[in-house]
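Listing of model.txt, compact mmCIF, C-alpha atoms and all ligand atoms
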```txt
# COMPACT_ATOMS: atom_id res chain seq x y z
CA MET A 1285 25.94 -7.55 4.51
CA SER A 1286 25.64 -10.15 1.77
CA ASN A 1287 24.37 -13.68 2.32
CA ASN A 1288 27.47 -14.95 0.56
CA TRP A 1289 30.02 -15.94 3.23
CA GLN A 1290 32.95 -15.69 0.82
CA GLN A 1291 32.04 -12.10 0.00
CA ASN A 1292 31.50 -11.30 3.66
CA SER A 1293 34.91 -12.72 4.54
CA ARG A 1294 36.31 -9.71 2.68
CA HIS A 1295 34.39 -7.45 5.09
CA THR A 1296 36.86 -7.98 7.84
CA LEU A 1297 38.86 -5.66 10.10
CA LYS A 1298 42.48 -6.58 9.47
CA ASP A 1299 44.64 -3.97 11.14
CA ALA A 1300 44.78 -1.59 14.07
CA SER A 1301 43.84 1.43 12.02
CA SER A 1302 40.55 -0.04 10.70
CA CYS A 1303 39.73 -1.35 14.21
CA ASN A 1304 40.34 2.05 15.80
CA ASP A 1305 38.06 3.62 13.20
CA PHE A 1306 35.34 1.02 13.69
CA PHE A 1307 35.43 0.97 17.50
CA GLN A 1308 36.18 4.71 17.78
CA SER A 1309 39.12 3.81 19.95
CA GLN A 1310 42.84 4.34 20.00
CA LYS A 1311 43.57 1.11 21.81
CA PHE A 1312 44.32 -1.23 18.94
CA GLN A 1313 47.94 -1.66 17.91
CA ASP A 1314 49.32 -4.18 15.46
CA LYS A 1315 51.35 -7.08 16.83
CA THR A 1316 53.06 -10.06 15.24
CA PHE A 1317 49.87 -12.15 15.18
CA PRO A 1318 47.74 -10.06 12.83
CA ILE A 1319 44.34 -8.72 13.79
CA LYS A 1320 41.40 -10.32 11.98
CA ILE A 1321 37.81 -9.61 13.02
CA PRO A 1322 34.84 -10.31 10.74
CA LEU A 1323 32.35 -7.43 10.73
CA GLU A 1324 29.57 -9.79 11.83
CA PHE A 1325 31.54 -10.45 15.03
CA ALA A 1326 32.66 -6.83 15.45
CA LYS A 1327 29.03 -5.71 15.33
CA ILE A 1328 28.07 -7.73 18.41
CA ILE A 1329 30.88 -6.19 20.48
CA ASP A 1330 29.74 -3.39 22.80
CA LYS A 1331 31.76 -0.42 21.53
CA ASN A 1332 31.18 1.45 24.78
CA ASN A 1333 32.61 -1.28 26.96
CA PRO A 1334 36.42 -1.48 26.98
CA HIS A 1335 36.07 -4.74 28.93
CA ASP A 1336 33.70 -6.38 26.48
CA PRO A 1337 34.48 -10.14 26.66
CA LEU A 1338 34.39 -10.51 22.88
CA LEU A 1339 36.64 -7.51 22.34
CA LYS A 1340 39.24 -8.94 24.71
CA GLN A 1341 39.53 -12.08 22.60
CA VAL A 1342 40.48 -10.22 19.44
CA MET A 1343 42.42 -7.17 20.64
CA PRO A 1344 46.20 -7.67 20.81
CA ASN A 1345 47.65 -6.93 24.23
CA VAL A 1346 50.59 -4.70 23.44
CA ALA A 1347 51.71 -4.52 27.07
CA ILE A 1348 52.82 -8.14 26.79
CA LYS A 1349 55.96 -8.63 24.78
CA THR A 1350 56.23 -11.72 22.66
CA THR A 1351 59.61 -13.32 22.79
CA LYS A 1352 61.22 -16.42 21.41
CA GLN A 1353 62.37 -17.30 24.89
CA ASP A 1354 60.36 -19.46 27.22
CA ILE A 1355 58.79 -17.31 29.97
CA SER A 1356 57.56 -19.34 32.92
CA GLY A 1357 56.16 -22.17 30.84
CA PHE A 1358 55.10 -20.06 27.85
CA SER A 1359 56.62 -20.85 24.47
CA ILE A 1360 56.18 -20.42 20.74
CA SER A 1361 54.53 -23.82 20.31
CA PRO A 1362 53.24 -25.16 23.64
CA LEU A 1363 51.83 -28.42 22.26
CA GLU A 1364 54.79 -29.17 20.02
CA ASP A 1365 52.41 -30.35 17.31
CA GLU A 1366 55.24 -31.08 14.90
CA LYS A 1367 56.57 -33.85 17.16
CA ASN A 1368 53.37 -35.81 16.55
CA MET A 1369 53.25 -35.47 12.78
CA PRO A 1370 54.28 -38.74 11.12
CA VAL A 1371 53.13 -37.22 7.82
CA ALA A 1372 52.99 -33.50 6.97
CA GLY A 1373 49.52 -32.13 7.74
CA LEU A 1374 48.49 -35.03 10.03
CA ILE A 1375 48.78 -35.10 13.83
CA HIS A 1376 48.58 -38.53 15.45
CA LYS A 1377 48.55 -38.40 19.26
CA TYR A 1378 45.94 -40.98 20.25
CA PRO A 1379 45.64 -44.48 18.74
CA ASN A 1380 42.10 -44.26 17.32
CA ARG A 1381 42.10 -40.78 15.82
CA VAL A 1382 44.12 -38.40 13.69
CA LEU A 1383 43.81 -34.66 13.18
CA LEU A 1384 44.29 -33.06 9.77
CA ILE A 1385 45.44 -29.47 9.30
CA ALA A 1386 42.77 -28.88 6.67
CA SER A 1387 43.31 -25.14 6.24
CA ARG A 1388 45.70 -22.42 7.28
CA VAL A 1389 42.96 -19.77 7.21
CA CYS A 1390 40.59 -18.68 10.00
CA ALA A 1391 37.60 -16.36 9.84
CA ILE A 1392 38.88 -14.63 12.97
CA HIS A 1393 42.19 -14.37 14.78
CA CYS A 1394 41.77 -15.24 18.45
CA GLN A 1395 44.62 -13.59 20.29
CA TYR A 1396 45.00 -16.58 22.64
CA CYS A 1397 45.41 -19.06 19.76
CA PHE A 1398 48.00 -21.77 20.49
CA ARG A 1399 48.68 -22.29 16.78
CA GLN A 1400 49.49 -18.65 16.05
CA ASN A 1401 53.13 -19.57 15.27
CA PHE A 1402 52.38 -22.85 13.51
CA ASN A 1403 54.14 -23.48 10.20
CA TYR A 1404 51.02 -23.99 8.08
CA GLY A 1405 53.01 -23.74 4.85
CA LYS A 1406 54.80 -26.98 5.71
CA HIS A 1407 51.73 -28.84 6.90
CA ASP A 1408 48.84 -28.59 4.48
CA ALA A 1409 46.67 -31.70 4.59
CA LEU A 1410 45.01 -30.99 1.25
CA SER A 1411 48.19 -30.82 -0.81
CA ASN A 1412 49.62 -33.81 1.04
CA TYR A 1413 46.44 -35.88 1.05
CA PRO A 1414 47.77 -38.92 -0.87
CA ALA A 1415 50.45 -39.51 1.79
CA ILE A 1416 47.91 -38.88 4.54
CA ALA A 1417 45.46 -41.40 3.04
CA SER A 1418 48.24 -44.01 2.78
CA TYR A 1419 49.13 -43.47 6.44
CA ILE A 1420 45.53 -43.89 7.56
CA GLN A 1421 45.08 -46.97 5.35
CA ILE A 1422 47.95 -48.82 7.02
CA ASN A 1423 46.71 -47.95 10.52
CA PRO A 1424 43.37 -49.77 10.82
CA GLN A 1425 43.04 -48.82 14.50
CA ILE A 1426 42.21 -45.27 13.35
CA ASN A 1427 38.43 -44.90 13.23
CA GLU A 1428 38.06 -41.13 13.47
CA VAL A 1429 39.40 -38.19 11.48
CA ILE A 1430 39.31 -34.69 12.95
CA LEU A 1431 39.43 -31.71 10.61
CA SER A 1432 41.09 -28.73 12.21
CA GLY A 1433 43.42 -25.94 11.16
CA GLY A 1434 43.16 -22.99 10.94
CA ASP A 1435 39.49 -23.53 10.35
CA PRO A 1436 38.28 -26.28 8.01
CA LEU A 1437 35.16 -24.22 7.23
CA SER A 1438 37.39 -21.64 5.55
CA LEU A 1439 37.61 -24.16 2.69
CA SER A 1440 35.04 -23.75 -0.05
CA ASP A 1441 32.01 -26.03 0.11
CA GLU A 1442 33.33 -27.94 -2.89
CA LYS A 1443 36.81 -28.56 -1.46
CA LEU A 1444 35.41 -29.60 1.89
CA ALA A 1445 32.90 -31.97 0.29
CA GLN A 1446 35.65 -33.55 -1.82
CA LEU A 1447 37.87 -34.05 1.23
CA ILE A 1448 35.05 -35.64 3.22
CA GLN A 1449 34.16 -37.95 0.33
CA LYS A 1450 37.77 -39.11 0.08
CA ILE A 1451 37.97 -39.77 3.81
CA ALA A 1452 34.65 -41.68 3.71
CA LYS A 1453 36.19 -44.11 1.21
CA ILE A 1454 38.61 -45.44 3.82
CA PRO A 1455 36.69 -48.45 5.18
CA HIS A 1456 37.79 -48.27 8.84
CA ILE A 1457 36.95 -44.56 9.25
CA LYS A 1458 33.57 -44.30 10.97
CA ASN A 1459 33.53 -40.84 12.55
CA LEU A 1460 34.43 -37.41 11.20
CA ARG A 1461 34.78 -34.48 13.55
CA ILE A 1462 35.06 -30.86 12.41
CA HIS A 1463 36.40 -28.20 14.76
CA THR A 1464 35.32 -24.72 13.77
CA ARG A 1465 35.08 -21.18 15.04
CA SER A 1466 33.71 -19.90 11.71
CA ALA A 1467 30.25 -21.25 12.48
CA VAL A 1468 29.75 -18.81 15.35
CA VAL A 1469 31.73 -15.80 14.12
CA THR A 1470 30.41 -15.94 10.52
CA PRO A 1471 27.10 -17.85 10.79
CA ASN A 1472 26.27 -17.53 7.10
CA ARG A 1473 29.15 -19.97 6.55
CA ILE A 1474 26.53 -22.63 7.30
CA THR A 1475 25.32 -22.87 3.70
CA GLN A 1476 22.80 -25.32 2.29
CA LYS A 1477 25.64 -27.10 0.46
CA LEU A 1478 27.54 -27.49 3.74
CA ILE A 1479 24.43 -28.79 5.49
CA ASP A 1480 23.91 -31.33 2.69
CA THR A 1481 27.54 -32.44 2.84
CA LEU A 1482 27.43 -32.98 6.59
CA THR A 1483 24.01 -34.56 6.85
CA GLN A 1484 24.29 -36.85 3.83
CA SER A 1485 27.71 -38.34 4.55
CA LYS A 1486 27.85 -42.01 5.52
CA LEU A 1487 30.28 -41.02 8.29
CA ASN A 1488 29.01 -40.23 11.77
CA MET A 1489 29.42 -36.48 11.76
CA VAL A 1490 30.35 -34.35 14.77
CA LEU A 1491 30.62 -30.56 14.56
CA VAL A 1492 32.52 -28.97 17.43
CA THR A 1493 31.88 -25.25 17.65
CA HIS A 1494 34.26 -22.94 19.50
CA VAL A 1495 32.30 -20.47 21.60
CA ASN A 1496 33.74 -18.83 24.72
CA HIS A 1497 30.96 -16.52 25.86
CA ALA A 1498 27.16 -16.44 25.63
CA ASN A 1499 27.34 -12.99 23.95
CA GLU A 1500 28.72 -14.77 20.88
CA LEU A 1501 25.44 -16.68 20.46
CA SER A 1502 23.86 -14.23 18.02
CA SER A 1503 20.41 -14.67 16.51
CA ASP A 1504 22.08 -15.34 13.14
CA PHE A 1505 24.10 -18.17 14.69
CA ALA A 1506 20.99 -19.55 16.41
CA HIS A 1507 19.14 -19.54 13.10
CA ALA A 1508 22.03 -21.19 11.21
CA ILE A 1509 22.97 -23.88 13.72
CA LYS A 1510 19.38 -25.11 14.03
CA LYS A 1511 19.65 -26.25 10.41
CA LEU A 1512 22.32 -28.74 11.47
CA ASN A 1513 20.01 -30.61 13.81
CA GLY A 1514 20.53 -34.28 13.20
CA ILE A 1515 24.30 -34.24 13.48
CA THR A 1516 26.09 -34.26 16.80
CA LEU A 1517 26.82 -30.72 17.96
CA LEU A 1518 29.39 -30.13 20.70
CA ASN A 1519 31.21 -27.02 21.91
CA GLN A 1520 34.67 -26.35 23.18
CA SER A 1521 35.71 -23.20 25.00
CA VAL A 1522 38.97 -21.86 26.29
CA LEU A 1523 38.97 -20.61 29.88
CA LEU A 1524 40.18 -17.03 29.52
CA LYS A 1525 40.89 -14.59 32.34
CA GLY A 1526 38.67 -11.52 32.07
CA VAL A 1527 36.50 -13.16 29.41
CA ASN A 1528 34.71 -16.16 30.93
CA ASP A 1529 36.49 -17.06 34.19
CA ASN A 1530 33.47 -16.92 36.46
CA VAL A 1531 30.60 -19.27 37.24
CA SER A 1532 27.75 -17.06 36.04
CA THR A 1533 29.37 -16.51 32.61
CA LEU A 1534 30.13 -20.20 32.12
CA SER A 1535 26.63 -21.20 33.29
CA ALA A 1536 25.03 -18.75 30.87
CA LEU A 1537 27.18 -20.14 28.08
CA SER A 1538 26.21 -23.75 28.83
CA MET A 1539 22.53 -22.88 29.04
CA GLY A 1540 22.68 -20.81 25.84
CA LEU A 1541 24.46 -23.57 23.94
CA PHE A 1542 21.99 -26.19 25.10
CA GLU A 1543 19.08 -24.06 23.93
CA LEU A 1544 20.59 -24.29 20.46
CA GLY A 1545 21.05 -28.06 20.64
CA ILE A 1546 24.80 -27.90 21.40
CA LEU A 1547 26.33 -29.80 24.31
CA PRO A 1548 29.21 -28.17 26.21
CA TYR A 1549 32.08 -30.62 25.71
CA TYR A 1550 35.47 -29.21 26.65
CA LEU A 1551 36.64 -26.28 28.74
CA HIS A 1552 40.34 -25.98 27.90
CA LEU A 1553 42.91 -24.40 30.12
CA LEU A 1554 44.97 -21.91 28.16
CA ASP A 1555 47.72 -23.40 26.04
CA LYS A 1556 50.67 -21.28 27.04
CA VAL A 1557 51.75 -19.59 23.85
CA ASN A 1558 53.99 -16.55 24.18
CA GLY A 1559 52.19 -13.24 24.54
CA THR A 1560 49.02 -14.69 26.09
CA GLN A 1561 49.94 -14.53 29.77
CA HIS A 1562 47.11 -12.08 30.48
CA PHE A 1563 44.54 -14.79 29.62
CA LEU A 1564 45.93 -17.39 32.04
CA VAL A 1565 43.69 -18.82 34.77
CA SER A 1566 45.64 -20.99 37.23
CA ASP A 1567 44.90 -24.72 37.47
CA LYS A 1568 43.73 -24.21 41.06
CA ASN A 1569 41.27 -21.43 40.21
CA ALA A 1570 40.01 -23.38 37.22
CA GLN A 1571 39.35 -26.44 39.35
CA GLN A 1572 37.52 -24.39 42.00
CA LEU A 1573 35.38 -22.78 39.35
CA HIS A 1574 34.62 -26.14 37.78
CA LYS A 1575 33.54 -27.59 41.13
CA VAL A 1576 30.99 -24.81 41.63
CA LEU A 1577 29.81 -25.27 38.07
CA GLN A 1578 29.14 -28.94 38.79
CA LYS A 1579 26.91 -27.95 41.69
CA GLN A 1580 25.00 -25.34 39.72
CA LEU A 1581 24.39 -27.20 36.48
CA SER A 1582 23.05 -30.58 35.47
CA GLY A 1583 25.89 -32.94 34.62
CA TYR A 1584 25.29 -32.83 30.86
CA LEU A 1585 25.77 -29.06 30.88
CA VAL A 1586 29.18 -29.16 32.57
CA PRO A 1587 32.06 -29.25 30.08
CA LYS A 1588 35.08 -31.41 30.88
CA LEU A 1589 37.91 -29.30 32.24
CA VAL A 1590 41.00 -30.29 30.27
CA LYS A 1591 44.60 -29.30 29.94
CA ASP A 1592 46.64 -30.23 26.90
CA GLU A 1593 50.14 -31.18 27.83
CA ASN A 1594 52.88 -31.06 25.25
CA LEU A 1595 53.59 -34.17 23.21
CA ASP A 1596 50.77 -36.62 23.62
CA SER A 1597 48.67 -36.15 26.70
CA LYS A 1598 45.42 -34.48 27.63
CA THR A 1599 44.73 -34.26 31.36
CA TRP A 1600 41.22 -34.16 32.76
CA LEU A 1601 41.35 -31.98 35.83
S1 LIG B 1701 39.82 -19.85 14.95
FE1 LIG B 1701 40.96 -21.44 16.07
S2 LIG B 1701 42.84 -21.76 14.89
FE2 LIG B 1701 41.92 -19.80 14.22
S3 LIG B 1701 42.89 -18.21 15.47
FE3 LIG B 1701 40.99 -18.82 16.52
S4 LIG B 1701 41.64 -20.43 17.93
FE4 LIG B 1701 43.28 -20.20 16.41
```
Can the structure from this file be put into structure tokens for me?
Ligand code: SF4
Amino acid sequence: MSNNWQQNSRHTLKDASSCNDFFQSQKFQDKTFPIKIPLEFAKIIDKNNPHDPLLKQVMPNVAIKTTKQDISGFSISPLEDEKNMPVAGLIHKYPNRVLLIASRVCAIHCQYCFRQNFNYGKHDALSNYPAIASYIQINPQINEVILSGGDPLSLSDEKLAQLIQKIAKIPHIKNLRIHTRSAVVTPNRITQKLIDTLTQSKLNMVLVTHVNHANELSSDFAHAIKKLNGITLLNQSVLLKGVNDNVSTLSALSMGLFELGILPYYLHLLDKVNGTQHFLVSDKNAQQLHKVLQKQLSGYLVPKLVKDENLDSKTWL
């Protein structure tokens, strides 16, 4: 495996056939949301365990049919992102912050992803940046920009640095938050150039990793993330049935993250996108689990349990 993340991104399992070869299995089948698993992530999956919690996140469930019709609260676009987009590529739900769709690409395809049907072609923040900058300029109450996607770290170092520099020129923007799953699934994405960009910016920088299970915390990730000490490191997870819906797994994740200097921040309930019913943990079970977690862990290790409602609300449960 090369140290060059852009070369490694070509070493990716992208269909059922290559997955079945790699995992010596016949269980992968292609579905509408394409398979994408970087080899670095595939290699930390236990090939002998059909219930491996990392495998479950990336293997399409063919027993569940995707449909355009709403099935008991599930839909194509549960958060209705497009209703909160005053400008293409920019989501504005809360007064002080906006989210930019910085990239349509991800290093991995998480089969529970709520943006798996999102129209990225229509909403690219980079190509529409002049209009986005104008919108932010005339809204001085906005003090934070969040880069999301897709995965903003799928941009080249140069493009990302340019985007951050442009954002930093807007006087009322103080904080920049980057949401990424690349950091954990392809740790060599944390390049020296990226580290320089994040640590030398005048903006207060927050990197939010997306890790769902302690098994994802590889030694390569541990090595890479330590280099980002000095910026605020938070983690968000999605509560996924059969992956991390028990107290011991979530405790191990919080402890493992903290060892690496990352604070557990959010534990999201599943956003109900069609075809993901098998991942759903009920609100009641989630709340019970969270209560036990609060007893077992110090407060700073307990992520906030949150549920995104459509349109503009996030509920803390
Ligand atoms: S990395 Fe994030 S945006 Fe990409 S598929 Fe996974 S959850 Fe969705």
| said: Between CA of Ile1348 in chain A and CA of Ser1361 in chain A, what distance in Å does the model show, to one decimal? | reply: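 Rounded to one decimal, the two atoms are 17.1 Å apart.
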| Of the residues A:His1393, A:Lys1450, A:His1456, A:Lys1556, which is the one nearest to ligand LIG 1701 (chain B), using all atoms listed in the file? | A:His1393
Near-ligand residues for ligand LIG 1701 (chain B), threshold 9 Å, only C-alpha atoms and all ligand atoms, as a PDB file with C-alpha atoms, in the frame of the given file:
```pdb
ATOM      1  CA  LYS A1320      41.400 -10.320  11.980  1.00  0.00           C
ATOM      2  CA  ARG A1388      45.700 -22.420   7.280  1.00  0.00           C
ATOM      3  CA  VAL A1389      42.960 -19.770   7.210  1.00  0.00           C
ATOM      4  CA  CYS A1390      40.590 -18.680  10.000  1.00  0.00           C
ATOM      5  CA  ALA A1391      37.600 -16.360   9.840  1.00  0.00           C
ATOM      6  CA  ILE A1392      38.880 -14.630  12.970  1.00  0.00           C
ATOM      7  CA  HIS A1393      42.190 -14.370  14.780  1.00  0.00           C
ATOM      8  CA  CYS A1394      41.770 -15.240  18.450  1.00  0.00           C
ATOM      9  CA  GLN A1395      44.620 -13.590  20.290  1.00  0.00           C
ATOM     10  CA  TYR A1396      45.000 -16.580  22.640  1.00  0.00           C
ATOM     11  CA  CYS A1397      45.410 -19.060  19.760  1.00  0.00           C
ATOM     12  CA  PHE A1398      48.000 -21.770  20.490  1.00  0.00           C
ATOM     13  CA  ARG A1399      48.680 -22.290  16.780  1.00  0.00           C
ATOM     14  CA  GLN A1400      49.490 -18.650  16.050  1.00  0.00           C
ATOM     15  CA  SER A1432      41.090 -28.730  12.210  1.00  0.00           C
ATOM     16  CA  GLY A1433      43.420 -25.940  11.160  1.00  0.00           C
ATOM     17  CA  GLY A1434      43.160 -22.990  10.940  1.00  0.00           C
ATOM     18  CA  ASP A1435      39.490 -23.530  10.350  1.00  0.00           C
ATOM     19  CA  HIS A1463      36.400 -28.200  14.760  1.00  0.00           C
ATOM     20  CA  THR A1464      35.320 -24.720  13.770  1.00  0.00           C
ATOM     21  CA  ARG A1465      35.080 -21.180  15.040  1.00  0.00           C
ATOM     22  CA  SER A1466      33.710 -19.900  11.710  1.00  0.00           C
ATOM     23  CA  HIS A1494      34.260 -22.940  19.500  1.00  0.00           C
ATOM     24  CA  VAL A1522      38.970 -21.860  26.290  1.00  0.00           C
TER      25      VAL A1522
END
```
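As for CA of Pro1414 in chain A and CA of Leu1444 in chain A, they are spaced 15.7 Å apart.
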| said: Here is a test: counting all atoms listed in the file, which residue of A:Ile1328, A:Leu1544, A:Met1489, A:Leu1437 is nearest to Lys1458 in chain A? | reply: A:Met1489
| remark: Shortest contact to Leu1517 in chain A, candidates A:Asp1305, A:Glu1442, A:Glu1543, A:Asp1314, atoms counted only C-alpha atoms, goes to A:Glu1543
| said: Quick check, in Å to one decimal: how far apart do CA of Ser1309 in chain A and CA of Pro1322 in chain A lie? | reply: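 Separation between CA of Ser1309 in chain A and CA of Pro1322 in chain A: 17.4 Å.
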| field | Nearby residues (all atoms listed in the file) at most 10 Å from range 1364-1377 of chain A, same-chain spacing under 5 positions excluded, as a ChimeraX atom specification | value | /A:1359,1382-1387,1399,1402-1413,1415-1420,1426,1429-1433,1593-1598
| Restricting the calculation to all atoms listed in the file, which member of A:Val1490, A:Leu1447, A:Lys1311, A:Val1590 is positioned closest to Asp1555 in chain A? |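 Among A:Val1490, A:Leu1447, A:Lys1311, A:Val1590, it is A:Val1590 that comes nearest to Asp1555 in chain A.
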| request: Name the residues in contact with Phe1325 in chain A at a cut-off of 10 Å, using all atoms listed in the file, excluding same-chain residues fewer than 6 positions from it; report them as an MDAnalysis selection string. | output: chainID A and resid 1296 1338:1339 1342 1391:1392 1468:1471 1500 1502
| query | Quick one: of A:Ala1570, A:Ala1445, A:Ile1454, A:Val1557, who's nearest to Ser1356 in chain A, counting all atoms listed in the file? | reply | A:Val1557
| Contacts of range 1579-1589 of chain A within 10 Å, all atoms listed in the file, excl. fewer than 5 positions in-chain, as a PyMOL selection string | chain A and resi 1518-1523+1531-1532+1534-1535+1537-1539+1541-1542+1546-1553+1567+1570-1571+1573-1574+1599-1601
| note | From the list A:Ile1422, A:Asn1288, A:Ile1474, A:Lys1591, the nearest residue to Asp1504 in chain A using all atoms listed in the file is A:Ile1474
